[in-house]
Each structure stands twice: as C-alpha cells, then as structure tokens.
Amino acid sequence: MKKTCKKIISMIVSVYIVLMLFVTCSFYRAYAIPGSDPRIYVDIVYENGGTIRADVIVENMPNIRTGAFYLNVGAGWTILPNNHGNTKGLRIDSDDTINLGQYSIAENGTGRFLVFLNTDDNGYDYNGRLCYFHIERTSINNPMNSTLNCTFGDSGGLYGVNFVDITNQAVNPVMLSSYEYLIGDADGNGIIDARDATKILTATTNLTIYNVYSIRNSYTSIFPDAACAAAPDGNEDGVIDSSDATVVMQAYMAMSVGNTPSSKVGQIAIYEVFQ
Amino acid sequence: MKIKKFSIILAAIISLATLMPTNSFAAEISDELYQKYDFNSDGLINGDDIFLIIQRYSEIATGNTIISEQSIRENIDKNADIDSDNVINANDAAKLSDLIKEKNSMGDVNCDKIIDTRDASSVLTYYTRLSTEDYKEKELSIGIDYGVAALGDYDKNGIIDARDASAILVNYASNSVS
C-alpha cells in the first residue's frame, strides 16, 4: 500500500512537471517574435502630382491589443491637414491599412501621438501600414532637420508583449547624392583656418544670408571650391551668415593652441542632396 | 496495472486542476473599486470612461490639455491605474474594456443595465460611420465607440453591423410586450 502511494505521488509530480513545461513552452510560442525584429518606422513616398506622403509602417509585430506611437517631425517638415480640414492630418485608407480599432490622436508641437485600442481580446495582427500623413517642406528645410522618426509609446505601451523592443528608425527622403566635407571648410582645401572665415565673411557682406538647402545646386557661384553647400555652415544651423565666420575663427584659434573646438568645426560630415 | 493507469489519470487531473485559473480579473475587482472607474461621474462605467483614460494618456504623453474638466483629470489620476503598474496608459484602458465586458451584458453598449433602443441606435450609428469610407479621418473616436466595440456584437458573430442593431431592437420589442 505504501509502495502504491509512493508511486501515485511520484506520478503526480512527474505529470505536473511535464504539464508545467508544456504550458511554459506554449506561452513562449505565443509571444515569440516571428522572423526578424519588430519595428515601426516612417516611409516617405513621392506621389504623382508632387505630394509627399509619410506612411507609418509596423513590421514583424505579434498580435497586440493596444499601444501608442509618437511621430516626431523635424523642423524641416510640416504635416498638412487632411481632406476634412483636420489639422492633426491623420489619414487612413480602409482598403489597405491595418484595423486600428478605436484610437485617439493628439498634437504635440509638430509631432503627433496616436493611441489605439482593440476591444478584441486576441488583438489584431499589426503588420503593414497603420496610417499616413501628407507632409511638405518648411521654409527652413535642410538635410539636418528633414527627419521623421516614429517610436512606440512609453513603457507598457504594448499590451501583453511589453518586452518587445521596438527599434527607432529615422527615415530621410530619397537621396540623390552625398558629399564628405569638413565642417567650416569654406575653401575646400581640407584645412580649417582664417582663410575659411574670410571666405564666409566676404560672401556674407551686407548681411547676406544663404540658406544651405536653397543653394545646394548653385553654391559654387558663392563658394567655388567648397565641397558642398553645407561646408561653410560652421554652426550647422542651416544658413550661412557672419556667425559661421565667428565659429570658424573660434575653432581655428582653439586648434592653434591644441584645444578642442567647442563647435563641430573641423569634423568630417556628410552632406546629402535629396530629391 | 490498473493501479498504474489509475495513478496516471489521477495525477493528470490533479495537475490540470492546479493549473486552471481560479479567478477572472473582474472577480478580483470589488464593486466598490469598480465604481471608482466612473471617471466622469455620470453614474455609468462605460466607453466614455475608457476614452477618458486614452485622452489622459495622450495628455500625459504630449503635455497638451485635452480633457476640459480638472475634476475628471484628478479622478483619472487617482483611480485609473487599473493594472497597478504606476502609470496610466492604454493598458489601463484595455483592462477597463475587459471589466466592462465582464460586468455588462452583450448589447448593453451604454452600460446602463438596460438593452433598449438607445443601444440599438448607438450600434447602428457606429456601423454607419464605420461603413463610411472616410469616417475615421473626419473626427476621431468618441466614447460611445469604445462601448459599442466592446459590447455591440449582440449576435456574437464577430462583426458589429446593422444585424446587431436589429437584433437588439427585436429583443427590446419582445421584452416590452411580454
């Protein structure tokens, strides 16, 4: 009898362990990330007729029930109102977008914050375009401020799958060409010195200010030897004016005595010309 | 041999029994606590209250004012952390949606404990708006949408449409004459 009891107890323990292992594996399977990493990002599309569309795309997400995302818009872009005059600009096509369920969108400066919630316990499969916005360039658009960045909401933004790490991705428009240059190197000789400051001062006499983006294709008429339009923009504010000459001079003086400049003058940068 | 078989079956039953969840989330929430989720103090805990959590979450995230009444905001801040993770976000809205589904009957979309023409009307309005191509762009969710989305599938076929509104009306009519 004692032996039988022992057998029963050991059976209970072993079956329990097997079941626990099974349940644990089932949970793992339910929340495992399929394929590559999940991510949310903005894809820029140039539409026929000249409009520019920013698609908010989610990829490789397991079924989720609720979440939120931030669309951060650089100063070089502005979101246009949608067809109904709503300045939040949210656009959704019922044909090709994911079912957002119930949602709310709020403005945050130039950015947008969208919260969505499905009342379906199982959630929906979020793979594809969530929504889109029409955007246009602002008057101060330049390669440095033309980014759109999308991030999922704060901790706990994803119901039931909080451990999923959503990668952030900045997306730029289609790039046509790029140039490597030294910041502040206005004469394109690969050295930062007083001559660069002189070039900038000469070009900006009478308080002339050049927008880097505006002169991206014609800069050689002003700075014939510069590697690109952004090279003389020592303080990287998107415009070339006398303050760039000051920054270049300060950097030159600092470097002359072996110090590191407080600005980025002298550092290698990439200038990209976009469509 | 019989004892061995019996042992295996018994072991499986006991093991399974220990794994079964014994309480739903709603059962863990007392009525007193549930009443605190009436953030707008209209006497009903429904989709409006879910929507208020979403709005408050947006306020916290953006720093903008969305909810006009300060008393409602304070009420949410005090009571809306339903999942007790010390933050108010969309998870709490989802939890409240679960609670509302468990505490109310399917079809009672405004959660007033009566399934009547008002519920049918809300379901029909929701369906009509969803059917409109550009509805979601025109203006965004309203509180009743959350209630309809949670409790509007009256015929439980997985779709909220005019048939649900119709079924609610038929049920209301038959109850009224009986």
# chains A, B, ... in the order shown; residues from 1 in each chain; ligands from 1
>>> residues_around(residues="Tyr219 (chain A)", least_positions_apart="2", cutoff="12 Å", atoms="only C-alpha atoms", output="list in words")
Ala186, Asp187, Ala203, Tyr210, Asn211, Val212, Tyr213, Ser214, Ile215, Arg216, Asn217, Ser221, Ile222, Phe223, Pro224, Asp225, Ala226, Ala227, Cys228, Ala229, Ala230, Ala231, Pro232, Asp233 and Ile240 of chain A
>>> atom_distance(atom1="CA of Ala106 (chain A)", atom2="CA of Val109 (chain B)")
25.7 Å
>>> residues_around(residues="region 80-95 of chain B", least_positions_apart="2", cutoff="8 Å", atoms="only C-alpha atoms", output="list in words")
Arg65, Thr66, Gly67, Ala68, Val115, Phe116, Leu117, Asn118, Thr119, Gly156, Gly157, Leu158 and Tyr159 of chain A; Tyr37, Ile50, Phe51, Ile53, Ile54, Arg56, Tyr57, Asn75, Ile76, Asp77, Lys78, Ser97, Asp98 and Leu99 of chain B
>>> write_last_selection(atoms="N, CA and C atoms", output="PDB file, in the first residue's frame")
ATOM      1  N   ARG A  65      -2.832  44.281 -28.663  1.00  0.00           N
ATOM      2  CA  ARG A  65      -4.179  44.749 -28.403  1.00  0.00           C
ATOM      3  C   ARG A  65      -4.256  46.260 -28.287  1.00  0.00           C
ATOM      4  N   THR A  66      -3.257  46.824 -27.710  1.00  0.00           N
ATOM      5  CA  THR A  66      -3.260  48.275 -27.572  1.00  0.00           C
ATOM      6  C   THR A  66      -1.833  48.804 -27.592  1.00  0.00           C
ATOM      7  N   GLY A  67      -1.690  50.031 -27.949  1.00  0.00           N
ATOM      8  CA  GLY A  67      -0.362  50.624 -27.993  1.00  0.00           C
ATOM      9  C   GLY A  67      -0.465  52.086 -28.367  1.00  0.00           C
ATOM     10  N   ALA A  68       0.675  52.705 -28.496  1.00  0.00           N
ATOM     11  CA  ALA A  68       0.698  54.118 -28.863  1.00  0.00           C
ATOM     12  C   ALA A  68       1.999  54.393 -29.577  1.00  0.00           C
ATOM     13  N   VAL A 115      -2.900  56.856 -29.941  1.00  0.00           N
ATOM     14  CA  VAL A 115      -3.149  55.704 -29.063  1.00  0.00           C
ATOM     15  C   VAL A 115      -4.228  54.856 -29.727  1.00  0.00           C
ATOM     16  N   PHE A 116      -4.029  53.559 -29.777  1.00  0.00           N
ATOM     17  CA  PHE A 116      -5.063  52.702 -30.348  1.00  0.00           C
ATOM     18  C   PHE A 116      -5.394  51.556 -29.398  1.00  0.00           C
ATOM     19  N   LEU A 117      -6.621  51.100 -29.495  1.00  0.00           N
ATOM     20  CA  LEU A 117      -7.099  50.057 -28.572  1.00  0.00           C
ATOM     21  C   LEU A 117      -8.103  49.164 -29.293  1.00  0.00           C
ATOM     22  N   ASN A 118      -7.858  47.889 -29.256  1.00  0.00           N
ATOM     23  CA  ASN A 118      -8.818  46.925 -29.776  1.00  0.00           C
ATOM     24  C   ASN A 118      -9.566  46.299 -28.624  1.00  0.00           C
ATOM     25  N   THR A 119     -10.858  46.202 -28.764  1.00  0.00           N
ATOM     26  CA  THR A 119     -11.616  45.555 -27.697  1.00  0.00           C
ATOM     27  C   THR A 119     -11.607  44.041 -27.867  1.00  0.00           C
ATOM     28  N   GLY A 156       5.043  49.857 -21.225  1.00  0.00           N
ATOM     29  CA  GLY A 156       3.698  49.306 -21.108  1.00  0.00           C
ATOM     30  C   GLY A 156       2.805  49.692 -22.255  1.00  0.00           C
ATOM     31  N   GLY A 157       3.382  50.286 -23.276  1.00  0.00           N
ATOM     32  CA  GLY A 157       2.579  50.690 -24.427  1.00  0.00           C
ATOM     33  C   GLY A 157       2.032  49.523 -25.209  1.00  0.00           C
ATOM     34  N   LEU A 158       2.627  48.388 -25.042  1.00  0.00           N
ATOM     35  CA  LEU A 158       2.174  47.222 -25.789  1.00  0.00           C
ATOM     36  C   LEU A 158       1.566  46.215 -24.825  1.00  0.00           C
ATOM     37  N   TYR A 159       0.303  46.021 -24.958  1.00  0.00           N
ATOM     38  CA  TYR A 159      -0.423  45.186 -24.019  1.00  0.00           C
ATOM     39  C   TYR A 159      -0.032  43.723 -24.167  1.00  0.00           C
TER      40      TYR A 159
ATOM     41  N   TYR B  37     -14.148  53.698 -11.244  1.00  0.00           N
ATOM     42  CA  TYR B  37     -13.781  53.862 -12.640  1.00  0.00           C
ATOM     43  C   TYR B  37     -14.796  54.715 -13.408  1.00  0.00           C
ATOM     44  N   ILE B  50     -13.512  54.632 -20.719  1.00  0.00           N
ATOM     45  CA  ILE B  50     -12.339  54.076 -21.420  1.00  0.00           C
ATOM     46  C   ILE B  50     -11.672  55.193 -22.226  1.00  0.00           C
ATOM     47  N   PHE B  51     -12.508  55.927 -22.924  1.00  0.00           N
ATOM     48  CA  PHE B  51     -11.989  57.007 -23.785  1.00  0.00           C
ATOM     49  C   PHE B  51     -11.264  58.069 -22.959  1.00  0.00           C
ATOM     50  N   ILE B  53      -9.548  57.586 -20.269  1.00  0.00           N
ATOM     51  CA  ILE B  53      -8.196  57.098 -19.943  1.00  0.00           C
ATOM     52  C   ILE B  53      -7.264  57.336 -21.132  1.00  0.00           C
ATOM     53  N   ILE B  54      -7.764  57.021 -22.323  1.00  0.00           N
ATOM     54  CA  ILE B  54      -6.958  57.225 -23.543  1.00  0.00           C
ATOM     55  C   ILE B  54      -6.584  58.707 -23.678  1.00  0.00           C
ATOM     56  N   ARG B  56      -6.426  60.939 -21.278  1.00  0.00           N
ATOM     57  CA  ARG B  56      -5.488  61.340 -20.224  1.00  0.00           C
ATOM     58  C   ARG B  56      -4.080  60.858 -20.551  1.00  0.00           C
ATOM     59  N   TYR B  57      -3.999  59.655 -21.094  1.00  0.00           N
ATOM     60  CA  TYR B  57      -2.699  59.107 -21.521  1.00  0.00           C
ATOM     61  C   TYR B  57      -2.073  60.033 -22.569  1.00  0.00           C
ATOM     62  N   ASN B  75      -9.696  62.746 -11.031  1.00  0.00           N
ATOM     63  CA  ASN B  75     -10.329  61.454 -10.794  1.00  0.00           C
ATOM     64  C   ASN B  75      -9.580  60.329 -11.513  1.00  0.00           C
ATOM     65  N   ILE B  76      -9.189  60.603 -12.736  1.00  0.00           N
ATOM     66  CA  ILE B  76      -8.451  59.602 -13.522  1.00  0.00           C
ATOM     67  C   ILE B  76      -7.086  59.345 -12.889  1.00  0.00           C
ATOM     68  N   ASP B  77      -6.393  60.429 -12.566  1.00  0.00           N
ATOM     69  CA  ASP B  77      -5.059  60.280 -11.975  1.00  0.00           C
ATOM     70  C   ASP B  77      -5.098  59.465 -10.685  1.00  0.00           C
ATOM     71  N   LYS B  78      -6.194  59.626  -9.967  1.00  0.00           N
ATOM     72  CA  LYS B  78      -6.321  58.961  -8.668  1.00  0.00           C
ATOM     73  C   LYS B  78      -6.689  57.469  -8.825  1.00  0.00           C
ATOM     74  N   SER B  97     -11.811  48.021 -20.458  1.00  0.00           N
ATOM     75  CA  SER B  97     -12.642  47.424 -21.506  1.00  0.00           C
ATOM     76  C   SER B  97     -12.985  45.978 -21.143  1.00  0.00           C
ATOM     77  N   ASP B  98     -12.000  45.250 -20.637  1.00  0.00           N
ATOM     78  CA  ASP B  98     -12.234  43.861 -20.196  1.00  0.00           C
ATOM     79  C   ASP B  98     -13.283  43.819 -19.086  1.00  0.00           C
ATOM     80  N   LEU B  99     -13.096  44.704 -18.112  1.00  0.00           N
ATOM     81  CA  LEU B  99     -14.007  44.734 -16.963  1.00  0.00           C
ATOM     82  C   LEU B  99     -15.434  45.038 -17.410  1.00  0.00           C
TER      83      LEU B  99
END
>>> closest_residue(among="B:Leu52, B:Leu33, B:Ile72, B:Cys111", to="chain A", atoms="only C-alpha atoms")
B:Leu52
>>> closest_residue(among="B:Ser166, B:Ser131, B:Thr62, B:Ser122", to="Leu151 (chain B)", atoms="only C-alpha atoms")
B:Ser122
>>> residues_around(residues="Asp145 (chain B)", least_positions_apart="3", cutoff="7 Å", atoms="only C-alpha atoms", output="ChimeraX atom specification")
/B:47,126,141-142,148-149
>>> residues_around(residues="Arg118 (chain B)", least_positions_apart="6", cutoff="12 Å", atoms="only C-alpha atoms", output="PDB file with N, CA and C atoms, in the first residue's frame")
ATOM      1  N   GLY B 107     -24.711  43.782 -25.854  1.00  0.00           N
ATOM      2  CA  GLY B 107     -25.808  44.591 -26.390  1.00  0.00           C
ATOM      3  C   GLY B 107     -26.069  45.843 -25.568  1.00  0.00           C
ATOM      4  N   ASP B 108     -25.678  45.810 -24.292  1.00  0.00           N
ATOM      5  CA  ASP B 108     -25.891  46.980 -23.431  1.00  0.00           C
ATOM      6  C   ASP B 108     -24.700  47.924 -23.609  1.00  0.00           C
ATOM      7  N   VAL B 109     -24.614  48.566 -24.745  1.00  0.00           N
ATOM      8  CA  VAL B 109     -23.398  49.296 -25.102  1.00  0.00           C
ATOM      9  C   VAL B 109     -23.167  50.553 -24.266  1.00  0.00           C
ATOM     10  N   ASN B 110     -24.242  51.119 -23.712  1.00  0.00           N
ATOM     11  CA  ASN B 110     -24.026  52.284 -22.837  1.00  0.00           C
ATOM     12  C   ASN B 110     -23.947  51.887 -21.360  1.00  0.00           C
ATOM     13  N   CYS B 111     -24.024  50.584 -21.121  1.00  0.00           N
ATOM     14  CA  CYS B 111     -23.811  50.017 -19.778  1.00  0.00           C
ATOM     15  C   CYS B 111     -24.767  50.580 -18.731  1.00  0.00           C
ATOM     16  N   ASP B 112     -26.012  50.822 -19.133  1.00  0.00           N
ATOM     17  CA  ASP B 112     -26.991  51.313 -18.154  1.00  0.00           C
ATOM     18  C   ASP B 112     -27.868  50.178 -17.622  1.00  0.00           C
ATOM     19  N   LEU B 124     -26.092  51.132 -34.504  1.00  0.00           N
ATOM     20  CA  LEU B 124     -26.370  51.489 -35.893  1.00  0.00           C
ATOM     21  C   LEU B 124     -25.525  52.697 -36.337  1.00  0.00           C
ATOM     22  N   THR B 125     -25.431  53.674 -35.448  1.00  0.00           N
ATOM     23  CA  THR B 125     -24.624  54.865 -35.758  1.00  0.00           C
ATOM     24  C   THR B 125     -23.163  54.478 -35.966  1.00  0.00           C
ATOM     25  N   ILE B 144     -18.603  56.567 -26.943  1.00  0.00           N
ATOM     26  CA  ILE B 144     -19.576  55.502 -27.190  1.00  0.00           C
ATOM     27  C   ILE B 144     -19.000  54.435 -28.121  1.00  0.00           C
ATOM     28  N   VAL B 148     -19.516  50.402 -27.864  1.00  0.00           N
ATOM     29  CA  VAL B 148     -20.076  49.587 -28.953  1.00  0.00           C
ATOM     30  C   VAL B 148     -19.060  48.527 -29.375  1.00  0.00           C
ATOM     31  N   GLY B 152     -21.075  45.578 -28.590  1.00  0.00           N
ATOM     32  CA  GLY B 152     -22.047  45.737 -29.683  1.00  0.00           C
ATOM     33  C   GLY B 152     -22.315  44.493 -30.500  1.00  0.00           C
ATOM     34  N   ALA B 165     -27.843  45.716 -34.414  1.00  0.00           N
ATOM     35  CA  ALA B 165     -28.815  46.755 -34.044  1.00  0.00           C
ATOM     36  C   ALA B 165     -30.233  46.207 -34.159  1.00  0.00           C
ATOM     37  N   ILE B 168     -31.010  43.743 -31.364  1.00  0.00           N
ATOM     38  CA  ILE B 168     -31.253  44.449 -30.094  1.00  0.00           C
ATOM     39  C   ILE B 168     -32.674  45.013 -30.087  1.00  0.00           C
ATOM     40  N   LEU B 169     -33.072  45.570 -31.204  1.00  0.00           N
ATOM     41  CA  LEU B 169     -34.422  46.137 -31.311  1.00  0.00           C
ATOM     42  C   LEU B 169     -35.491  45.058 -31.155  1.00  0.00           C
ATOM     43  N   TYR B 172     -35.689  44.056 -27.599  1.00  0.00           N
ATOM     44  CA  TYR B 172     -36.335  45.107 -26.808  1.00  0.00           C
ATOM     45  C   TYR B 172     -37.845  45.085 -27.011  1.00  0.00           C
TER      46      TYR B 172
END
>>> closest_residue(among="A:Gln267, A:Thr202, A:Asn48, A:Asn149", to="Gly190 (chain A)", atoms="only C-alpha atoms")
A:Gln267
>>> select_by_dssp(residues="region 6-173 of chain B", states="alpha helix (DSSP H)", output="NGL selection string")
:B and (6-19 or 25-28 or 31-35 or 47-62 or 70-79 or 90-103 or 117-131 or 135-138 or 143-151 or 162-173)
>>> residues_around(residues="Asp49 (chain B)", least_positions_apart="5", cutoff="8 Å", atoms="only C-alpha atoms", output="PyMOL selection string")
chain B and resi 37-40+143
>>> closest_residue(among="B:Ser30, B:Gln55, B:Thr128, B:Ser41", to="chain A", atoms="only C-alpha atoms")
B:Gln55
>>> decode(residues="region 211-254 of chain A", atoms="N, CA and C atoms", output="mmCIF file, in the first residue's frame")
data_model
loop_
_atom_site.group_PDB
_atom_site.id
_atom_site.type_symbol
_atom_site.label_atom_id
_atom_site.label_comp_id
_atom_site.auth_asym_id
_atom_site.auth_seq_id
_atom_site.Cartn_x
_atom_site.Cartn_y
_atom_site.Cartn_z
ATOM 1 N N ASN A 211 20.626 80.287 -47.463
ATOM 2 C CA ASN A 211 20.026 79.040 -46.964
ATOM 3 C C ASN A 211 20.744 77.871 -47.640
ATOM 4 N N VAL A 212 21.282 76.981 -46.828
ATOM 5 C CA VAL A 212 22.078 75.871 -47.370
ATOM 6 C C VAL A 212 21.258 75.058 -48.377
ATOM 7 N N TYR A 213 20.013 74.787 -48.009
ATOM 8 C CA TYR A 213 19.168 73.962 -48.886
ATOM 9 C C TYR A 213 18.907 74.689 -50.210
ATOM 10 N N SER A 214 18.711 76.003 -50.110
ATOM 11 C CA SER A 214 18.382 76.770 -51.317
ATOM 12 C C SER A 214 19.544 76.832 -52.303
ATOM 13 N N ILE A 215 20.769 76.846 -51.748
ATOM 14 C CA ILE A 215 21.929 76.976 -52.656
ATOM 15 C C ILE A 215 22.595 75.624 -52.916
ATOM 16 N N ARG A 216 21.889 74.553 -52.609
ATOM 17 C CA ARG A 216 22.513 73.236 -52.702
ATOM 18 C C ARG A 216 23.026 72.924 -54.112
ATOM 19 N N ASN A 217 22.371 73.514 -55.138
ATOM 20 C CA ASN A 217 22.801 73.248 -56.513
ATOM 21 C C ASN A 217 23.599 74.400 -57.125
ATOM 22 N N SER A 218 23.642 75.542 -56.415
ATOM 23 C CA SER A 218 24.307 76.727 -57.014
ATOM 24 C C SER A 218 25.416 77.281 -56.131
ATOM 25 N N TYR A 219 25.810 76.550 -55.119
ATOM 26 C CA TYR A 219 26.759 77.071 -54.126
ATOM 27 C C TYR A 219 28.112 77.423 -54.737
ATOM 28 N N THR A 220 28.460 76.778 -55.872
ATOM 29 C CA THR A 220 29.799 77.015 -56.438
ATOM 30 C C THR A 220 29.972 78.448 -56.944
ATOM 31 N N SER A 221 28.831 79.123 -57.180
ATOM 32 C CA SER A 221 28.957 80.522 -57.604
ATOM 33 C C SER A 221 29.322 81.419 -56.420
ATOM 34 N N ILE A 222 29.128 80.925 -55.205
ATOM 35 C CA ILE A 222 29.432 81.704 -53.999
ATOM 36 C C ILE A 222 30.701 81.175 -53.320
ATOM 37 N N PHE A 223 30.785 79.875 -53.210
ATOM 38 C CA PHE A 223 31.957 79.224 -52.610
ATOM 39 C C PHE A 223 32.514 78.236 -53.651
ATOM 40 N N PRO A 224 33.296 78.752 -54.606
ATOM 41 C CA PRO A 224 33.695 77.927 -55.761
ATOM 42 C C PRO A 224 34.410 76.629 -55.402
ATOM 43 N N ASP A 225 35.162 76.665 -54.304
ATOM 44 C CA ASP A 225 35.975 75.477 -54.005
ATOM 45 C C ASP A 225 35.428 74.618 -52.864
ATOM 46 N N ALA A 226 34.300 75.036 -52.313
ATOM 47 C CA ALA A 226 33.737 74.261 -51.188
ATOM 48 C C ALA A 226 33.265 72.887 -51.680
ATOM 49 N N ALA A 227 33.364 71.906 -50.808
ATOM 50 C CA ALA A 227 32.973 70.542 -51.194
ATOM 51 C C ALA A 227 31.466 70.433 -51.428
ATOM 52 N N CYS A 228 30.707 71.231 -50.704
ATOM 53 C CA CYS A 228 29.250 71.199 -50.845
ATOM 54 C C CYS A 228 28.677 72.454 -50.203
ATOM 55 N N ALA A 229 27.379 72.646 -50.351
ATOM 56 C CA ALA A 229 26.735 73.860 -49.847
ATOM 57 C C ALA A 229 26.792 73.966 -48.327
ATOM 58 N N ALA A 230 26.887 72.838 -47.650
ATOM 59 C CA ALA A 230 26.843 72.854 -46.181
ATOM 60 C C ALA A 230 28.206 73.139 -45.553
ATOM 61 N N ALA A 231 29.276 73.037 -46.339
ATOM 62 C CA ALA A 231 30.624 73.161 -45.763
ATOM 63 C C ALA A 231 30.859 74.493 -45.030
ATOM 64 N N PRO A 232 30.436 75.630 -45.589
ATOM 65 C CA PRO A 232 30.685 76.894 -44.862
ATOM 66 C C PRO A 232 29.780 77.094 -43.645
ATOM 67 N N ASP A 233 28.773 76.252 -43.483
ATOM 68 C CA ASP A 233 27.811 76.403 -42.381
ATOM 69 C C ASP A 233 28.425 75.865 -41.087
ATOM 70 N N GLY A 234 29.307 76.669 -40.515
ATOM 71 C CA GLY A 234 30.093 76.217 -39.371
ATOM 72 C C GLY A 234 29.276 75.835 -38.156
ATOM 73 N N ASN A 235 28.190 76.558 -37.890
ATOM 74 C CA ASN A 235 27.388 76.236 -36.695
ATOM 75 C C ASN A 235 26.205 75.311 -37.023
ATOM 76 N N GLU A 236 26.132 74.852 -38.246
ATOM 77 C CA GLU A 236 25.153 73.857 -38.686
ATOM 78 C C GLU A 236 23.700 74.249 -38.376
ATOM 79 N N ASP A 237 23.399 75.535 -38.590
ATOM 80 C CA ASP A 237 22.017 75.953 -38.334
ATOM 81 C C ASP A 237 21.195 76.055 -39.620
ATOM 82 N N GLY A 238 21.765 75.588 -40.712
ATOM 83 C CA GLY A 238 21.014 75.553 -41.962
ATOM 84 C C GLY A 238 21.170 76.801 -42.814
ATOM 85 N N VAL A 239 21.789 77.828 -42.250
ATOM 86 C CA VAL A 239 22.033 79.050 -43.035
ATOM 87 C C VAL A 239 23.494 79.462 -42.898
ATOM 88 N N ILE A 240 23.974 80.165 -43.927
ATOM 89 C CA ILE A 240 25.362 80.655 -43.893
ATOM 90 C C ILE A 240 25.318 82.168 -43.704
ATOM 91 N N ASP A 241 25.867 82.622 -42.602
ATOM 92 C CA ASP A 241 25.923 84.056 -42.325
ATOM 93 C C ASP A 241 27.210 84.374 -41.555
ATOM 94 N N SER A 242 27.329 85.600 -41.095
ATOM 95 C CA SER A 242 28.588 86.006 -40.455
ATOM 96 C C SER A 242 28.886 85.222 -39.178
ATOM 97 N N SER A 243 27.848 84.688 -38.555
ATOM 98 C CA SER A 243 28.086 83.921 -37.319
ATOM 99 C C SER A 243 28.898 82.649 -37.609
ATOM 100 N N ASP A 244 28.810 82.146 -38.828
ATOM 101 C CA ASP A 244 29.616 80.976 -39.192
ATOM 102 C C ASP A 244 31.095 81.341 -39.240
ATOM 103 N N ALA A 245 31.373 82.559 -39.714
ATOM 104 C CA ALA A 245 32.766 83.026 -39.743
ATOM 105 C C ALA A 245 33.316 83.104 -38.315
ATOM 106 N N THR A 246 32.501 83.591 -37.407
ATOM 107 C CA THR A 246 32.919 83.687 -35.999
ATOM 108 C C THR A 246 33.225 82.302 -35.430
ATOM 109 N N VAL A 247 32.327 81.349 -35.697
ATOM 110 C CA VAL A 247 32.507 79.983 -35.184
ATOM 111 C C VAL A 247 33.777 79.359 -35.754
ATOM 112 N N VAL A 248 34.008 79.596 -37.050
ATOM 113 C CA VAL A 248 35.207 79.029 -37.699
ATOM 114 C C VAL A 248 36.472 79.644 -37.091
ATOM 115 N N MET A 249 36.430 80.945 -36.864
ATOM 116 C CA MET A 249 37.604 81.605 -36.261
ATOM 117 C C MET A 249 37.870 81.092 -34.848
ATOM 118 N N GLN A 250 36.824 80.948 -34.089
ATOM 119 C CA GLN A 250 36.975 80.443 -32.711
ATOM 120 C C GLN A 250 37.575 79.037 -32.732
ATOM 121 N N ALA A 251 37.112 78.223 -33.684
ATOM 122 C CA ALA A 251 37.626 76.849 -33.785
ATOM 123 C C ALA A 251 39.090 76.872 -34.202
ATOM 124 N N TYR A 252 39.397 77.753 -35.151
ATOM 125 C CA TYR A 252 40.793 77.846 -35.627
ATOM 126 C C TYR A 252 41.721 78.243 -34.485
ATOM 127 N N MET A 253 41.272 79.214 -33.701
ATOM 128 C CA MET A 253 42.089 79.665 -32.567
ATOM 129 C C MET A 253 42.263 78.555 -31.537
ATOM 130 N N ALA A 254 41.206 77.843 -31.282
ATOM 131 C CA ALA A 254 41.289 76.748 -30.304
ATOM 132 C C ALA A 254 42.255 75.670 -30.784
#
